[in-house]
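A.B. asks: My structure is stored as structure-v2.txt, with compact mmCIF, C-alpha atoms.
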# COMPACT_ATOMS: atom_id res chain seq x y z
CA MET A 1 33.85 5.52 -30.25
CA ASN A 2 33.22 3.42 -27.12
CA GLU A 3 35.68 5.45 -25.10
CA ASN A 4 34.22 8.74 -26.32
CA LEU A 5 30.70 7.69 -25.40
CA PHE A 6 31.46 7.77 -21.68
CA ALA A 7 34.08 10.51 -21.76
CA SER A 8 31.56 13.14 -20.64
CA PHE A 9 30.90 11.21 -17.40
CA ILE A 10 34.53 11.15 -16.27
CA THR A 11 35.35 13.52 -13.38
CA PRO A 12 36.77 16.63 -15.04
CA THR A 13 40.28 17.87 -14.33
CA MET A 14 42.09 21.02 -15.30
CA MET A 15 45.89 20.83 -15.42
CA GLY A 16 45.76 17.67 -13.33
CA LEU A 17 43.55 19.15 -10.58
CA PRO A 18 39.97 17.94 -10.12
CA ILE A 19 37.53 20.79 -10.66
CA VAL A 20 34.34 18.89 -9.83
CA MET A 21 33.81 20.98 -6.67
CA LEU A 22 33.95 24.19 -8.72
CA ILE A 23 31.43 22.74 -11.16
CA ILE A 24 29.08 21.76 -8.32
CA MET A 25 29.32 25.24 -6.80
CA PHE A 26 28.96 27.03 -10.13
CA PRO A 27 25.09 27.10 -10.35
CA SER A 28 24.90 29.08 -7.10
CA ILE A 29 26.53 32.13 -8.72
CA LEU A 30 23.83 32.14 -11.39
CA PHE A 31 21.15 33.01 -8.81
CA PRO A 32 21.53 36.70 -7.80
CA SER A 33 20.57 37.56 -4.22
CA PRO A 34 17.86 40.16 -3.67
CA ASN A 35 19.51 43.16 -2.02
CA ARG A 36 16.74 45.75 -2.29
CA LEU A 37 13.11 45.93 -1.32
CA ILE A 38 12.09 46.23 -4.97
CA ASN A 39 14.55 44.44 -7.20
CA ASN A 40 15.30 44.36 -10.89
CA ARG A 41 13.35 42.20 -13.33
CA LEU A 42 15.62 39.16 -13.16
CA ILE A 43 15.60 38.95 -9.36
CA SER A 44 11.85 39.64 -9.27
CA LEU A 45 11.27 36.81 -11.74
CA GLN A 46 13.49 34.52 -9.67
CA GLN A 47 11.60 35.45 -6.48
CA TRP A 48 8.26 34.86 -8.17
CA LEU A 49 9.37 31.41 -9.39
CA VAL A 50 10.70 30.41 -5.96
CA GLN A 51 7.50 31.61 -4.27
CA LEU A 52 5.30 29.75 -6.75
CA THR A 53 7.27 26.51 -6.25
CA SER A 54 7.46 26.80 -2.48
CA LYS A 55 3.72 27.54 -2.11
CA GLN A 56 2.83 24.53 -4.20
CA MET A 57 5.30 22.21 -2.51
CA LEU A 58 4.74 23.25 1.11
CA ALA A 59 0.93 23.39 0.97
CA ILE A 60 0.63 19.82 2.32
CA HIS A 61 2.98 20.36 5.25
CA ASN A 62 2.25 21.33 8.83
CA TYR A 63 4.38 23.77 10.82
CA LYS A 64 7.15 21.24 11.47
CA GLY A 65 7.34 20.26 7.82
CA GLN A 66 7.50 23.86 6.68
CA THR A 67 10.76 24.34 8.59
CA TRP A 68 12.28 22.35 5.72
CA ALA A 69 11.25 25.03 3.19
CA LEU A 70 14.76 26.39 2.65
CA MET A 71 16.18 22.87 2.25
CA LEU A 72 13.58 21.80 -0.30
CA MET A 73 13.80 25.01 -2.35
CA SER A 74 17.61 24.84 -2.41
CA LEU A 75 17.38 21.22 -3.49
CA ILE A 76 15.06 21.82 -6.42
CA LEU A 77 17.02 24.88 -7.58
CA PHE A 78 20.33 23.06 -7.34
CA ILE A 79 19.24 19.90 -9.16
CA GLY A 80 17.28 21.85 -11.78
CA SER A 81 20.12 24.27 -12.55
CA THR A 82 22.75 21.49 -12.55
CA ASN A 83 20.70 19.39 -14.95
CA LEU A 84 20.05 22.33 -17.28
CA LEU A 85 23.70 23.39 -17.31
CA GLY A 86 24.61 19.80 -18.16
CA LEU A 87 22.72 20.13 -21.43
CA LEU A 88 25.33 22.58 -22.70
CA PRO A 89 27.75 20.91 -25.14
CA HIS A 90 30.95 19.48 -23.66
CA SER A 91 29.84 20.23 -20.09
CA PHE A 92 30.03 17.90 -17.11
CA THR A 93 26.80 17.08 -15.24
CA PRO A 94 27.38 16.28 -11.56
CA THR A 95 23.97 14.60 -11.28
CA THR A 96 25.09 11.81 -13.61
CA GLN A 97 27.31 10.58 -10.77
CA LEU A 98 25.59 8.07 -8.49
CA SER A 99 27.94 9.05 -5.67
CA MET A 100 26.63 12.61 -5.71
CA ASN A 101 22.98 11.60 -5.90
CA LEU A 102 23.39 9.11 -3.08
CA GLY A 103 25.12 11.85 -1.14
CA MET A 104 21.97 13.97 -1.53
CA ALA A 105 19.36 11.23 -1.17
CA ILE A 106 20.63 9.31 1.88
CA PRO A 107 21.06 12.25 4.30
CA LEU A 108 17.74 13.81 3.30
CA TRP A 109 15.85 10.52 3.60
CA ALA A 110 17.61 9.69 6.89
CA GLY A 111 16.72 13.17 8.18
CA THR A 112 13.04 12.61 7.49
CA VAL A 113 13.07 9.13 9.07
CA ILE A 114 14.95 10.27 12.18
CA THR A 115 12.60 13.27 12.51
CA GLY A 116 9.66 10.88 12.37
CA PHE A 117 11.12 8.49 14.95
CA ARG A 118 12.00 11.35 17.31
CA HIS A 119 8.69 13.19 17.27
CA LYS A 120 6.15 10.46 16.42
CA THR A 121 7.76 7.17 17.47
CA LYS A 122 4.50 5.21 17.73
CA ALA A 123 3.18 6.33 14.35
CA SER A 124 6.57 5.80 12.67
CA LEU A 125 6.76 2.22 13.96
CA ALA A 126 3.11 1.59 13.11
CA HIS A 127 3.87 2.63 9.52
CA PHE A 128 5.66 -0.66 9.02
CA LEU A 129 2.29 -2.46 9.14
CA PRO A 130 -0.55 -1.32 6.88
CA GLN A 131 -3.89 -0.96 8.62
CA GLY A 132 -6.23 -3.93 8.28
CA THR A 133 -3.58 -6.52 7.43
CA PRO A 134 -4.75 -10.12 8.04
CA ILE A 135 -2.97 -11.69 11.01
CA PRO A 136 -1.13 -14.50 9.11
CA LEU A 137 0.42 -11.91 6.77
CA ILE A 138 1.71 -9.57 9.49
CA PRO A 139 5.35 -10.81 9.75
CA MET A 140 5.80 -10.92 5.98
CA LEU A 141 4.36 -7.45 5.49
CA VAL A 142 6.52 -5.97 8.23
CA VAL A 143 9.61 -7.36 6.47
CA ILE A 144 8.40 -6.08 3.09
CA GLU A 145 7.67 -2.60 4.46
CA THR A 146 11.10 -2.48 6.13
CA ILE A 147 12.78 -3.37 2.85
CA SER A 148 10.72 -0.79 0.97
CA LEU A 149 11.73 1.85 3.50
CA PHE A 150 15.43 1.16 3.01
CA ILE A 151 15.03 1.03 -0.78
CA GLN A 152 13.68 4.62 -0.83
CA PRO A 153 17.03 6.50 -0.85
CA MET A 154 18.51 4.07 -3.39
CA ALA A 155 15.52 4.57 -5.69
CA LEU A 156 15.78 8.36 -5.32
CA ALA A 157 19.45 8.41 -6.28
CA VAL A 158 19.30 5.80 -9.04
CA ARG A 159 16.22 7.42 -10.63
CA LEU A 160 17.97 10.75 -11.05
CA THR A 161 21.27 9.21 -12.17
CA ALA A 162 19.67 6.87 -14.70
CA ASN A 163 17.38 9.49 -16.24
CA ILE A 164 20.08 12.12 -16.74
CA THR A 165 22.76 9.63 -17.84
CA ALA A 166 20.43 7.89 -20.29
CA GLY A 167 19.37 11.19 -21.82
CA HIS A 168 22.93 12.37 -22.29
CA LEU A 169 23.98 9.03 -23.78
CA LEU A 170 21.07 9.08 -26.21
CA MET A 171 21.89 12.61 -27.33
CA HIS A 172 25.52 11.61 -27.82
CA LEU A 173 24.56 8.53 -29.82
CA ILE A 174 22.00 10.25 -32.02
CA GLY A 175 24.33 13.21 -32.55
CA GLY A 176 27.07 10.80 -33.64
CA ALA A 177 24.63 8.98 -35.90
CA THR A 178 23.53 12.28 -37.50
CA LEU A 179 27.13 13.20 -38.24
CA ALA A 180 27.90 9.76 -39.66
CA LEU A 181 24.77 9.74 -41.84
CA THR A 182 25.53 13.19 -43.26
CA ASN A 183 28.26 11.64 -45.43
CA ILE A 184 26.06 8.72 -46.48
CA THR A 185 22.45 9.87 -47.01
CA VAL A 186 21.38 13.46 -46.35
CA PRO A 187 17.60 12.73 -45.97
CA ALA A 188 18.29 10.11 -43.27
CA ALA A 189 20.65 12.59 -41.58
CA LEU A 190 17.88 15.21 -41.63
CA ILE A 191 15.42 12.81 -39.99
CA THR A 192 18.01 11.91 -37.33
CA PHE A 193 18.66 15.62 -36.79
CA ILE A 194 14.95 16.26 -36.22
CA ILE A 195 14.91 13.37 -33.74
CA LEU A 196 17.91 14.95 -32.03
CA ILE A 197 16.11 18.30 -31.71
CA LEU A 198 13.02 16.60 -30.28
CA LEU A 199 15.20 14.65 -27.86
CA THR A 200 16.93 17.85 -26.75
CA ILE A 201 13.55 19.44 -26.01
CA LEU A 202 12.61 16.29 -24.08
CA GLU A 203 15.87 16.47 -22.14
CA PHE A 204 15.13 20.05 -21.11
CA ALA A 205 11.80 18.87 -19.74
CA VAL A 206 13.36 15.80 -18.08
CA ALA A 207 16.00 18.00 -16.40
CA LEU A 208 13.30 20.07 -14.69
CA ILE A 209 10.92 17.17 -14.06
CA GLN A 210 13.60 15.06 -12.39
CA ALA A 211 14.51 17.95 -10.09
CA TYR A 212 10.83 18.31 -9.20
CA VAL A 213 10.32 14.56 -8.68
CA PHE A 214 13.37 14.27 -6.41
CA THR A 215 12.26 17.20 -4.27
CA LEU A 216 8.61 16.09 -4.23
CA LEU A 217 9.53 12.61 -3.02
CA VAL A 218 11.71 14.03 -0.24
CA SER A 219 8.79 16.30 0.64
CA LEU A 220 6.41 13.30 0.72
CA TYR A 221 8.76 11.32 2.97
CA LEU A 222 8.89 14.36 5.24
CA HIS A 223 5.09 14.62 5.24
CA ASP A 224 4.80 10.96 6.27
CA ASN A 225 7.11 11.59 9.21
CA THR A 226 5.83 14.95 10.52
CA MET B 1 -7.15 8.98 8.80
CA GLU B 2 -5.42 6.89 11.42
CA GLY B 3 -4.51 8.28 14.83
CA PRO B 4 -5.34 8.16 18.53
CA GLU B 5 -8.79 9.64 17.89
CA THR B 6 -9.79 6.79 15.53
CA ASP B 7 -8.24 4.14 17.81
CA ALA B 8 -11.05 4.72 20.29
CA SER B 9 -13.58 3.45 17.74
CA PHE B 10 -12.04 -0.06 17.92
CA HIS B 11 -12.95 -2.24 20.90
CA PHE B 12 -10.64 -5.22 21.36
CA SER B 13 -10.23 -7.50 24.36
CA GLY B 14 -7.57 -9.89 25.57
CA ILE B 15 -4.35 -10.18 23.58
CA GLU B 16 -6.00 -8.49 20.58
CA LYS B 17 -6.09 -5.28 22.59
CA TYR B 18 -2.29 -5.13 22.33
CA PHE B 19 -1.62 -7.00 19.08
CA ASN B 20 -3.88 -6.09 16.15
CA SER B 21 -3.48 -4.44 12.78
CA TYR B 22 -6.06 -1.66 13.31
CA THR B 23 -5.01 0.55 16.21
CA LEU B 24 -1.75 2.47 16.36
CA THR B 25 -0.61 0.66 19.51
CA GLY B 26 -1.57 -2.74 18.11
CA ARG B 27 0.37 -2.15 14.88
CA MET B 28 3.40 -0.84 16.75
CA ASN B 29 3.41 -3.90 19.03
CA CYS B 30 3.11 -6.29 16.05
CA VAL B 31 6.04 -4.56 14.33
CA LEU B 32 8.20 -4.65 17.46
CA ALA B 33 7.31 -8.32 18.06
CA THR B 34 8.30 -9.17 14.47
CA PHE B 35 11.63 -7.36 14.77
CA ARG B 36 12.35 -9.00 18.13
CA GLY B 37 11.45 -12.42 16.71
CA ILE B 38 13.84 -11.95 13.79
CA ALA B 39 16.61 -10.75 16.15
CA LEU B 40 16.07 -13.80 18.38
CA MET B 41 16.23 -16.17 15.40
CA VAL B 42 19.47 -14.60 14.18
CA LEU B 43 20.99 -14.80 17.68
CA TYR B 44 19.87 -18.43 18.06
CA PHE B 45 21.50 -19.57 14.82
CA LYS B 46 24.66 -17.59 15.54
CA VAL B 47 25.08 -19.14 19.00
CA LYS B 48 24.14 -22.64 17.79
CA TYR B 49 26.75 -22.76 15.03
CA LYS B 50 29.42 -20.96 17.04
CA ASN B 51 29.86 -23.97 19.45
CA THR B 52 30.21 -26.67 16.77
CA PRO B 53 33.39 -26.06 14.78
CA ALA B 54 33.84 -27.88 11.46
CA MET B 55 37.20 -29.45 12.35
CA ASN B 56 39.30 -30.05 15.49
CA GLY B 57 43.06 -30.22 15.43
CA THR B 58 46.16 -28.24 14.68
CA LEU B 59 47.36 -27.32 11.26
CA THR B 60 50.44 -29.38 10.26
CA ASP B 61 52.11 -30.06 6.93
CA PHE B 62 52.48 -33.69 5.88
CA LYS B 63 53.98 -35.35 2.83
CA LEU B 64 52.71 -38.72 1.64
CA TYR B 65 55.18 -40.84 -0.30
CA LEU B 66 54.01 -43.86 -2.26
CA ILE B 67 56.96 -46.14 -2.90
CA CYS B 68 56.26 -48.91 -5.38
CA GLU B 69 58.44 -51.73 -6.64
CA VAL B 70 57.52 -52.48 -10.22
CA PRO B 71 59.20 -55.62 -11.72
CA MET B 72 61.01 -55.41 -15.04
CA PRO B 73 59.24 -57.14 -17.95
CA GLY B 74 61.62 -60.13 -18.21
CA GLU B 75 61.87 -61.00 -14.52
CA ALA B 76 60.45 -64.30 -13.25
CA ASN B 77 58.34 -64.59 -10.08
CA ALA B 78 58.08 -60.85 -9.88
CA ASN B 79 55.44 -59.17 -7.76
CA SER B 80 54.76 -55.49 -7.53
CA SER B 81 54.31 -54.00 -4.13
CA CYS B 82 53.64 -50.52 -2.85
CA ASN B 83 54.31 -48.92 0.49
CA ALA B 84 52.89 -45.68 1.76
CA GLN B 85 55.08 -43.52 3.92
CA LEU B 86 53.81 -40.45 5.82
CA VAL B 87 56.54 -37.95 6.58
CA ARG B 88 56.06 -34.83 8.67
Translate this structure into structure tokens?

C.D. replies:
Amino acid sequence: MNENLFASFITPTMMGLPIVMLIIMFPSILFPSPNRLINNRLISLQQWLVQLTSKQMLAIHNYKGQTWALMLMSLILFIGSTNLLGLLPHSFTPTTQLSMNLGMAIPLWAGTVITGFRHKTKASLAHFLPQGTPIPLIPMLVVIETISLFIQPMALAVRLTANITAGHLLMHLIGGATLALTNITVPAALITFIILILLTILEFAVALIQAYVFTLLVSLYLHDNT
Amino acid sequence: MEGPETDASFHFSGIEKYFNSYTLTGRMNCVLATFRGIALMVLYFKVKYKNTPAMNGTLTDFKLYLICEVPMPGEANANSSCNAQLVR
């Protein structure tokens, strides 16, 4: 049982070859590219969703920040689709791997910080000290703000990993409990099954919310630095 | 909102003109001074403890033998004695 609980988080292989790259690239083929001026219903719906998200997310940005539009939209679509596909039974979810989430979070965060230091060096350095700080507290606050800056990518990655992993583990556990209780008491199994359905609905929401939160935080870091 | 346009509303004199927590320049200078102070402290402790090694000498293997003469129970006027011998 213990081994099976974490089996879904092991890097998948097919005939001895790792197929994790194929799994990561798979969501991209689910998004058809618009190839006509007026497209079919699916592509029109996709375009409408992307426009709605991009308008809402890029409203706070100036011209420089809006050059990141493609990056941010790709990010939210990738994480959202990967998380949703991971809810299929027996599938592997790349966003449960901390290595992958760190690989997304660190370059994006570093990009925003380097952009800020390049274009607004004074303001970026001044960010390390909140306005109006009493003089005796200045050194301590500078150290605290530096630490909080470097914690940002770690928090981004760990938040996504922990949320998705925890949800999958819970579903696995409650699913196992439902099966085990079916042979013991059917009413208890029914209650556990209802809990499982509610949890699945929650996980659908969490999959999309976590994608939005990740992208929104990257967008906020960008806004602070542009 | 902070920025160069709001910095003009603050009027500092002396050292506070360059080191304060209100204007952009003042905050930047405080941050840089803090980082430089930390770097200096780290360098100071590194250099200080680099010149005082914990132990001087070369590494050599030694064996210490303790040779004792223990008298048998029935012997008269018997004294026990021990000698230490250091062999390289």

A.B. asks: Could you write out as a JSON list (two decimals) with C-alpha atoms, keeping the file's coordinate frame the residues of chain B within 6 Å of chain A, counting only C-alpha atoms?

C.D. replies:
[["chain", "number", "residue", "atom", "x", "y", "z"],
["B", 21, "SER", "CA", -3.48, -4.44, 12.78],
["B", 22, "TYR", "CA", -6.06, -1.66, 13.31],
["B", 24, "LEU", "CA", -1.75, 2.47, 16.36],
["B", 27, "ARG", "CA", 0.37, -2.15, 14.88],
["B", 28, "MET", "CA", 3.40, -0.84, 16.75],
["B", 34, "THR", "CA", 8.30, -9.17, 14.47]]

A.B. asks: Check which residues of segment 1-65 of chain A sit at most 9 Å from segment 75-97 of chain A using all atoms listed in the file, and return one row each with the closest pair of atoms and their distance in Å to one decimal, ordered by chain and rising number, as a tab-separated table.

C.D. replies:
residue	atom	partner	partner_atom	distance
A:Ser8	CA	A:Phe92	CA	6.1
A:Phe9	CA	A:Phe92	CA	6.8
A:Ile10	CA	A:Phe92	CA	8.2
A:Thr11	CA	A:Phe92	CA	7.8
A:Pro12	CA	A:Phe92	CA	7.2
A:Val20	CA	A:Pro94	CA	7.6
A:Ile23	CA	A:Pro94	CA	7.6
A:Ile24	CA	A:Pro94	CA	6.6
A:Phe26	CA	A:Thr82	CA	8.7
A:Pro27	CA	A:Ser81	CA	6.1
A:Ser28	CA	A:Phe78	CA	7.6
A:Leu30	CA	A:Ser81	CA	8.8
A:Val50	CA	A:Leu77	CA	8.6

A.B. asks: For atom CA of Leu199 of chain A and atom CA of Asn163 of chain A, quote the distance in Å rounded to one decimal.

C.D. replies: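 Atom CA of Asn163 of chain A lies at a distance of 12.9 Å from atom CA of Leu199 of chain A.
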
A.B. asks: For Met154 of chain A, which of A:Gly175, A:Gly167, A:Pro136, A:Pro107 is the closest residue, counting all atoms listed in the file?

C.D. replies: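 Of A:Gly175, A:Gly167, A:Pro136, A:Pro107, the one nearest Met154 of chain A, counting all atoms listed in the file, is A:Pro107.
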
A.B. asks: Would you be able to write out as a VMD selection string which residues have an atom within 12 Å of (-7.5, -3.7, 19.4) in the file's coordinates, counting all atoms listed in the file?

C.D. replies: (chain A and resid 131 to 132) or (chain B and resid 6 to 30)

A.B. asks: So the first atom is atom CA of Ala105 of chain A and the second is atom CA of Thr53 of chain A; what is the distance between them in Å, to one decimal place?

C.D. replies: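 According to the coordinates, atom CA of Ala105 of chain A and atom CA of Thr53 of chain A are separated by 20.1 Å.
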
A.B. asks: Could you list, as a ChimeraX atom specification, every residue within 10 Å of segment 178-185 of chain A, counting all atoms listed in the file and ignoring same-chain residues fewer than 5 positions away?

C.D. replies: /A:172-173,190-196

A.B. asks: Hey, which of A:Ser219, A:Thr112, A:Gln210, A:Gln47 ends up closest to Leu160 of chain A? Count all atoms listed in the file.

C.D. replies: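 Checking each candidate against Leu160 of chain A, we get A:Gln210 as the closest.
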
A.B. asks: How many Å separate atom CA of Phe214 of chain A from atom CA of Leu156 of chain A?

C.D. replies: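 It comes out at 6.5 Å.
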
A.B. asks: Would you list the contacts of Pro153 of chain A as a CSV table (one decimal) with C-alpha atoms, in the frame of the given file, taking every protein, DNA or RNA residue within 8 Å and counting only C-alpha atoms, but skipping same-chain residues closer than 6 positions in sequence?

C.D. replies:
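The file below, selection_15.csv, is the result:
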chain,number,residue,atom,x,y,z
A,102,LEU,CA,23.4,9.1,-3.1
A,105,ALA,CA,19.4,11.2,-1.2
A,106,ILE,CA,20.6,9.3,1.9
A,109,TRP,CA,15.8,10.5,3.6
